[in-house]
$ cat target.csv   # CSV, C-alpha atoms
chain,number,residue,atom,x,y,z
A,67,MET,CA,251.9,82.5,162.7
A,68,LYS,CA,253.8,80.1,164.9
A,69,LYS,CA,255.8,82.0,167.5
A,70,SER,CA,259.5,81.2,167.5
A,71,LEU,CA,259.8,81.3,171.3
A,72,LEU,CA,258.6,78.1,173.0
A,73,ILE,CA,258.5,77.5,176.7
A,74,LEU,CA,259.7,74.1,177.7
A,75,PHE,CA,260.2,72.5,181.1
A,76,PRO,CA,261.2,74.4,184.2
A,77,PHE,CA,264.7,74.3,185.6
A,78,ILE,CA,265.5,70.8,186.8
A,79,ILE,CA,268.7,69.4,188.2
A,80,LEU,CA,269.6,65.7,188.1
A,81,LEU,CA,272.9,64.2,189.4
A,82,SER,CA,274.9,61.7,187.5
A,83,VAL,CA,278.5,60.6,187.2
A,84,GLY,CA,280.7,60.8,184.1
A,85,LYS,CA,284.5,60.6,183.7
A,86,GLY,CA,285.0,60.5,187.4
A,87,ARG,CA,283.2,63.8,187.9
A,88,ALA,CA,279.7,64.6,189.1
A,89,VAL,CA,277.7,66.0,186.2
A,90,THR,CA,274.6,68.1,186.9
A,91,LYS,CA,272.0,68.1,184.1
A,92,ILE,CA,270.1,71.3,183.4
A,93,LYS,CA,267.1,71.7,181.1
A,94,GLN,CA,266.1,74.4,178.7
A,95,VAL,CA,263.4,76.9,179.7
A,96,GLY,CA,262.9,78.0,176.1
A,97,PHE,CA,264.5,78.8,172.8
A,98,ARG,CA,264.2,81.2,169.9
A,99,LEU,CA,264.9,80.8,166.3
A,100,LEU,CA,267.5,83.1,164.9
A,101,LYS,CA,265.9,83.7,161.5
A,102,SER,CA,268.3,86.5,160.4
A,103,ILE,CA,271.5,84.9,161.6
A,104,PRO,CA,272.9,82.0,159.5
A,105,GLU,CA,274.9,79.4,161.4
A,106,PRO,CA,275.3,81.3,164.7
A,107,SER,CA,278.6,80.2,166.3
A,108,ASP,CA,279.1,82.3,169.5
A,109,ILE,CA,277.3,84.8,171.6
A,110,VAL,CA,278.2,87.4,174.3
A,111,PHE,CA,276.1,89.7,176.5
A,112,ASP,CA,276.8,93.4,176.8
A,113,SER,CA,276.0,94.5,180.3
A,114,LEU,CA,276.1,98.2,179.4
A,115,ASN,CA,273.1,98.2,176.9
A,116,GLY,CA,271.5,94.8,177.5
A,117,HIS,CA,272.2,93.7,174.0
A,118,TYR,CA,273.7,90.5,172.6
A,119,TYR,CA,276.4,90.2,170.0
A,120,VAL,CA,276.3,87.1,167.9
A,121,VAL,CA,278.8,85.9,165.3
A,122,SER,CA,278.2,83.6,162.3
A,123,ASP,CA,280.1,80.9,160.5
A,124,HIS,CA,279.5,83.2,157.5
A,125,GLY,CA,282.0,85.8,158.9
A,126,GLN,CA,279.4,88.2,160.2
A,127,LEU,CA,278.9,90.1,163.4
A,128,PHE,CA,275.4,91.0,164.6
A,129,GLU,CA,274.1,93.2,167.4
A,130,CYS,CA,270.8,92.1,168.8
A,131,ASP,CA,268.3,93.3,171.4
A,132,SER,CA,267.2,91.3,174.4
A,133,VAL,CA,264.8,89.2,172.3
A,134,PHE,CA,267.4,88.7,169.5
A,135,LYS,CA,266.0,91.1,167.0
A,136,VAL,CA,268.9,92.1,164.8
A,137,LEU,CA,269.7,95.8,165.3
A,138,ARG,CA,272.7,96.1,163.0
A,139,VAL,CA,275.4,94.1,161.3
A,140,ALA,CA,279.1,95.0,161.2
A,141,GLU,CA,280.1,96.3,157.8
A,142,LYS,CA,283.5,94.5,157.9
A,143,GLU,CA,283.1,90.8,157.4
A,144,GLY,CA,285.5,87.9,157.8
A,145,LEU,CA,285.5,84.3,156.5
A,146,ASP,CA,284.6,82.0,159.5
A,147,PHE,CA,283.7,83.9,162.7
A,148,GLU,CA,283.7,81.4,165.6
A,149,GLY,CA,284.3,83.2,168.8
A,150,ILE,CA,283.5,86.6,170.3
A,151,GLU,CA,284.5,88.6,173.5
A,152,ILE,CA,283.9,92.1,174.8
A,153,ARG,CA,286.7,93.9,176.7
A,154,ASP,CA,286.6,97.6,177.6
A,155,SER,CA,285.4,99.6,174.5
A,156,PHE,CA,286.0,96.9,172.0
A,157,ILE,CA,284.7,93.6,170.6
A,158,TYR,CA,287.1,90.9,169.6
A,159,VAL,CA,286.2,88.2,167.1
A,160,SER,CA,288.1,85.0,166.2
A,161,ASP,CA,288.1,84.2,162.5
A,162,GLU,CA,289.0,80.5,162.6
A,163,THR,CA,290.0,79.7,159.0
A,164,PRO,CA,292.6,82.5,158.4
A,165,ARG,CA,293.8,82.5,162.1
A,166,GLU,CA,292.9,86.1,162.7
A,167,ILE,CA,291.3,88.3,165.4
A,168,TYR,CA,289.1,91.1,164.4
A,169,LYS,CA,288.8,94.2,166.6
A,170,TYR,CA,285.6,96.3,166.5
A,171,LYS,CA,284.5,99.4,168.4
A,172,ARG,CA,281.8,98.4,170.9
A,173,ARG,CA,279.6,101.5,170.4
A,174,ASP,CA,279.0,101.2,166.6
A,175,LEU,CA,280.7,98.0,165.3
A,176,THR,CA,283.3,100.0,163.4
A,177,PHE,CA,286.2,97.8,162.4
A,178,VAL,CA,289.5,98.8,164.0
A,179,GLN,CA,292.2,96.3,163.1
A,180,LYS,CA,293.2,92.6,162.7
A,181,TYR,CA,295.7,90.5,164.6
A,182,ARG,CA,297.3,87.4,163.2
A,183,VAL,CA,297.5,84.3,165.5
A,184,SER,CA,299.4,81.2,164.4
A,185,TRP,CA,298.1,77.7,164.7
A,186,GLY,CA,298.8,74.5,162.7
A,187,GLY,CA,296.4,71.9,161.5
A,188,ALA,CA,293.4,71.9,159.2
A,189,MET,CA,291.8,75.1,158.2
A,190,ASN,CA,288.7,74.5,160.4
A,191,LYS,CA,290.6,73.1,163.4
A,192,ALA,CA,291.8,76.3,164.9
A,193,PHE,CA,290.4,78.7,167.5
A,194,GLU,CA,286.6,78.3,168.0
A,195,SER,CA,286.4,80.4,171.1
A,196,ILE,CA,287.9,83.5,172.7
A,197,SER,CA,287.6,85.0,176.2
A,198,PHE,CA,289.5,87.2,178.5
A,199,ASN,CA,291.0,85.8,181.7
A,200,TYR,CA,290.8,88.7,184.2
A,201,LYS,CA,292.7,86.7,186.8
A,202,LYS,CA,295.8,86.5,184.5
A,203,ASN,CA,295.0,89.6,182.5
A,204,CYS,CA,295.3,87.8,179.1
A,205,PHE,CA,293.2,86.6,176.2
A,206,VAL,CA,292.4,83.0,176.0
A,207,LEU,CA,291.9,81.3,172.7
A,208,ILE,CA,291.0,77.6,172.5
A,209,ALA,CA,291.5,75.2,169.7
A,210,GLN,CA,288.4,73.0,169.4
A,211,GLN,CA,289.6,69.4,168.9
A,212,PRO,CA,291.7,68.2,170.6
A,213,PRO,CA,291.2,71.2,173.0
A,214,VAL,CA,294.3,73.4,173.6
A,215,ILE,CA,294.1,76.5,175.7
A,216,VAL,CA,296.4,79.3,174.5
A,217,GLU,CA,297.0,82.5,176.4
A,218,TYR,CA,297.8,85.7,174.6
A,219,ASP,CA,298.7,89.2,175.8
A,220,THR,CA,296.6,92.2,174.8
A,221,SER,CA,298.6,92.5,171.5
A,222,PHE,CA,298.0,88.8,170.8
A,223,LYS,CA,301.5,87.7,171.4
A,224,GLN,CA,301.5,84.1,172.7
A,225,ILE,CA,302.3,83.7,176.3
A,226,SER,CA,301.7,80.0,177.1
A,227,LYS,CA,299.4,77.0,176.2
A,228,TYR,CA,297.8,74.1,178.0
A,229,ASN,CA,296.4,70.8,176.8
A,230,PHE,CA,292.9,70.4,178.0
A,231,THR,CA,291.9,66.8,178.5
A,232,ASN,CA,288.6,67.1,180.3
A,233,ALA,CA,286.4,67.3,177.2
A,234,ARG,CA,286.5,65.9,173.7
A,235,SER,CA,286.0,69.4,172.2
A,236,ILE,CA,285.7,73.0,173.2
A,237,ALA,CA,283.5,75.3,171.1
A,238,GLY,CA,282.9,78.2,173.5
A,239,ALA,CA,284.4,80.1,176.4
A,240,ARG,CA,283.1,82.8,178.7
A,241,TRP,CA,284.3,84.6,181.8
A,242,TYR,CA,281.7,85.0,184.5
A,243,ASN,CA,281.9,85.4,188.3
A,244,ASN,CA,285.7,85.0,188.4
A,245,LYS,CA,285.6,81.6,186.6
A,246,LEU,CA,286.2,80.5,183.1
A,247,TYR,CA,283.3,78.6,181.6
A,248,LEU,CA,284.0,76.3,178.7
A,249,LEU,CA,281.4,74.7,176.4
A,250,SER,CA,282.0,71.3,174.8
A,251,SER,CA,280.1,70.8,171.6
A,252,LEU,CA,280.7,67.0,171.4
A,253,ASP,CA,279.9,66.4,175.1
A,254,ALA,CA,277.2,69.0,175.4
A,255,THR,CA,278.6,70.1,178.7
A,256,ILE,CA,279.5,73.4,180.4
A,257,LEU,CA,282.8,73.1,182.4
A,258,VAL,CA,283.5,75.5,185.2
A,259,CYS,CA,287.3,76.0,185.4
A,260,ASN,CA,289.8,77.5,187.8
A,261,PRO,CA,291.1,80.6,185.9
A,262,THR,CA,294.7,80.0,187.1
A,263,THR,CA,295.1,76.2,186.5
A,264,TYR,CA,292.1,75.6,184.2
A,265,ASN,CA,291.3,72.6,186.3
A,266,VAL,CA,287.6,71.6,186.1
A,267,GLU,CA,285.6,72.4,189.3
A,268,SER,CA,282.1,71.6,188.1
A,269,THR,CA,280.4,70.1,185.1
A,270,PHE,CA,276.9,70.7,183.7
A,271,SER,CA,275.2,68.9,180.8
A,272,VAL,CA,272.8,70.7,178.4
A,273,ASN,CA,270.3,69.1,176.1
A,274,VAL,CA,271.4,71.1,173.0
A,275,LEU,CA,272.4,69.6,169.7
A,276,ASN,CA,276.0,70.8,168.9
A,277,PRO,CA,276.2,73.8,171.3
A,278,GLU,CA,278.6,76.4,169.9
A,279,GLY,CA,278.7,79.4,172.2
A,280,LEU,CA,277.4,80.6,175.6
A,281,SER,CA,276.8,83.8,177.5
A,282,PHE,CA,275.5,85.0,180.8
A,283,ASP,CA,273.1,87.9,181.2
A,284,SER,CA,273.1,90.4,184.0
A,285,LYS,CA,271.2,87.9,186.2
A,286,GLY,CA,273.4,85.0,185.4
A,287,ARG,CA,271.0,83.3,183.1
A,288,ILE,CA,272.6,81.3,180.3
A,289,ARG,CA,272.0,81.6,176.5
A,290,ILE,CA,273.5,79.0,174.2
A,291,VAL,CA,273.6,79.1,170.4
A,292,SER,CA,273.7,76.2,168.0
A,293,ASP,CA,274.7,76.6,164.4
A,294,ASP,CA,273.0,73.3,163.4
A,295,THR,CA,269.6,74.3,164.7
A,296,ARG,CA,270.0,78.1,164.2
A,297,ARG,CA,268.6,78.7,167.6
A,298,VAL,CA,269.5,80.3,170.9
A,299,TYR,CA,268.5,78.2,173.9
A,300,TYR,CA,267.5,79.6,177.3
A,301,PHE,CA,268.6,78.3,180.7
A,302,ASN,CA,268.3,79.6,184.2
A,303,GLN,CA,271.2,80.3,186.5
A,304,LEU,CA,273.6,77.5,187.3
A,305,PRO,CA,273.6,76.5,191.0
A,306,ILE,CA,277.2,77.8,191.2
A,307,SER,CA,276.0,81.2,189.8
A,308,ILE,CA,273.5,81.9,192.5
A,309,GLN,CA,275.3,80.7,195.6
$ encode --input "target.csv" --output "structure tokens"
Amino acid sequence: MKKSLLILFPFIILLSVGKGRAVTKIKQVGFRLLKSIPEPSDIVFDSLNGHYYVVSDHGQLFECDSVFKVLRVAEKEGLDFEGIEIRDSFIYVSDETPREIYKYKRRDLTFVQKYRVSWGGAMNKAFESISFNYKKNCFVLIAQQPPVIVEYDTSFKQISKYNFTNARSIAGARWYNNKLYLLSSLDATILVCNPTTYNVESTFSVNVLNPEGLSFDSKGRIRIVSDDTRRVYYFNQLPISIQ
């Protein structure tokens, strides 16, 4: 039987220039096929148990071990889960089509409640990502295309919004090391942003087809999911993560 984990080239950095910013290219160190998760759309790492939580375009929430074996699936399903975040004892999931946020208990994936967030446009052109900005103490939801960053309080009442013009699309967002990391699906880049202004400080390109979500493990290593390939891709730490 062919193993689903393939080891590719070691971590390599190349320097190029794009849109007036230096872009550092990083290469995969491996990938794994997510056989039990249809169209994975986002991923987050739980530092308490070493598990990953993955959401699917099919409206499902999965808990996986460190090698992405599915341990359990949340009973409560949505329509179009696109983003996921952990904060305190809860997991928050963005359901793009109905413009809703699902709240689950972190310990057992029990459903707690839903929040309604308003956004215009087409059904599949709403919030593809969710993260928590610990600098501003607010949730951040990002409309994919054109990218718009919207801040919400902990009850999901809108605070403010910002047009983001440094990428053609944003499909994922993750807080790590006091920065907000945004993932562009169309540009296949990770953008490291100032958490106060959302100005881009560093840009990294990834050789992944339609990257949808990213996470950092306890050592700062990156995992990126793609719904088109149904895979999770492995990357080492970014240079900024190990300085």
$ closest_residue --input "target.csv" --among "A:Lys227, A:Lys285, A:Arg173, A:Lys135" --to "A:Lys101" --atoms "only C-alpha atoms"
A:Lys135
$ residues_near_point --input "target.csv" --point "(275.3, 75.1, 168.1)" --cutoff "9 Å" --atoms "only C-alpha atoms" --output "JSON, numbers by chain"
{"A": [105, 106, 107, 108, 237, 251, 274, 275, 276, 277, 278, 279, 290, 291, 292, 293, 294, 295, 296, 297, 298]}
$ atom_distance --input "target.csv" --atom1 "atom CA of A:Phe134" --atom2 "atom CA of A:Glu148"
18.3 Å
$ closest_residue --input "target.csv" --among "A:Tyr200, A:Phe270, A:Phe128, A:Phe222" --to "A:Tyr181" --atoms "all atoms listed in the file"
A:Phe222
$ closest_residue --input "target.csv" --among "A:Asp219, A:Ile92, A:Thr163, A:Arg87" --to "A:Asn273" --atoms "all atoms listed in the file"
A:Ile92
$ atom_distance --input "target.csv" --atom1 "atom CA of A:Arg138" --atom2 "atom CA of A:Pro164"
24.5 Å
$ atom_distance --input "target.csv" --atom1 "atom CA of A:Thr269" --atom2 "atom CA of A:Gln211"
18.6 Å
$ closest_residue --input "target.csv" --among "A:Val258, A:Leu127, A:Ile150, A:Val89" --to "A:Phe205" --atoms "all atoms listed in the file"
A:Ile150
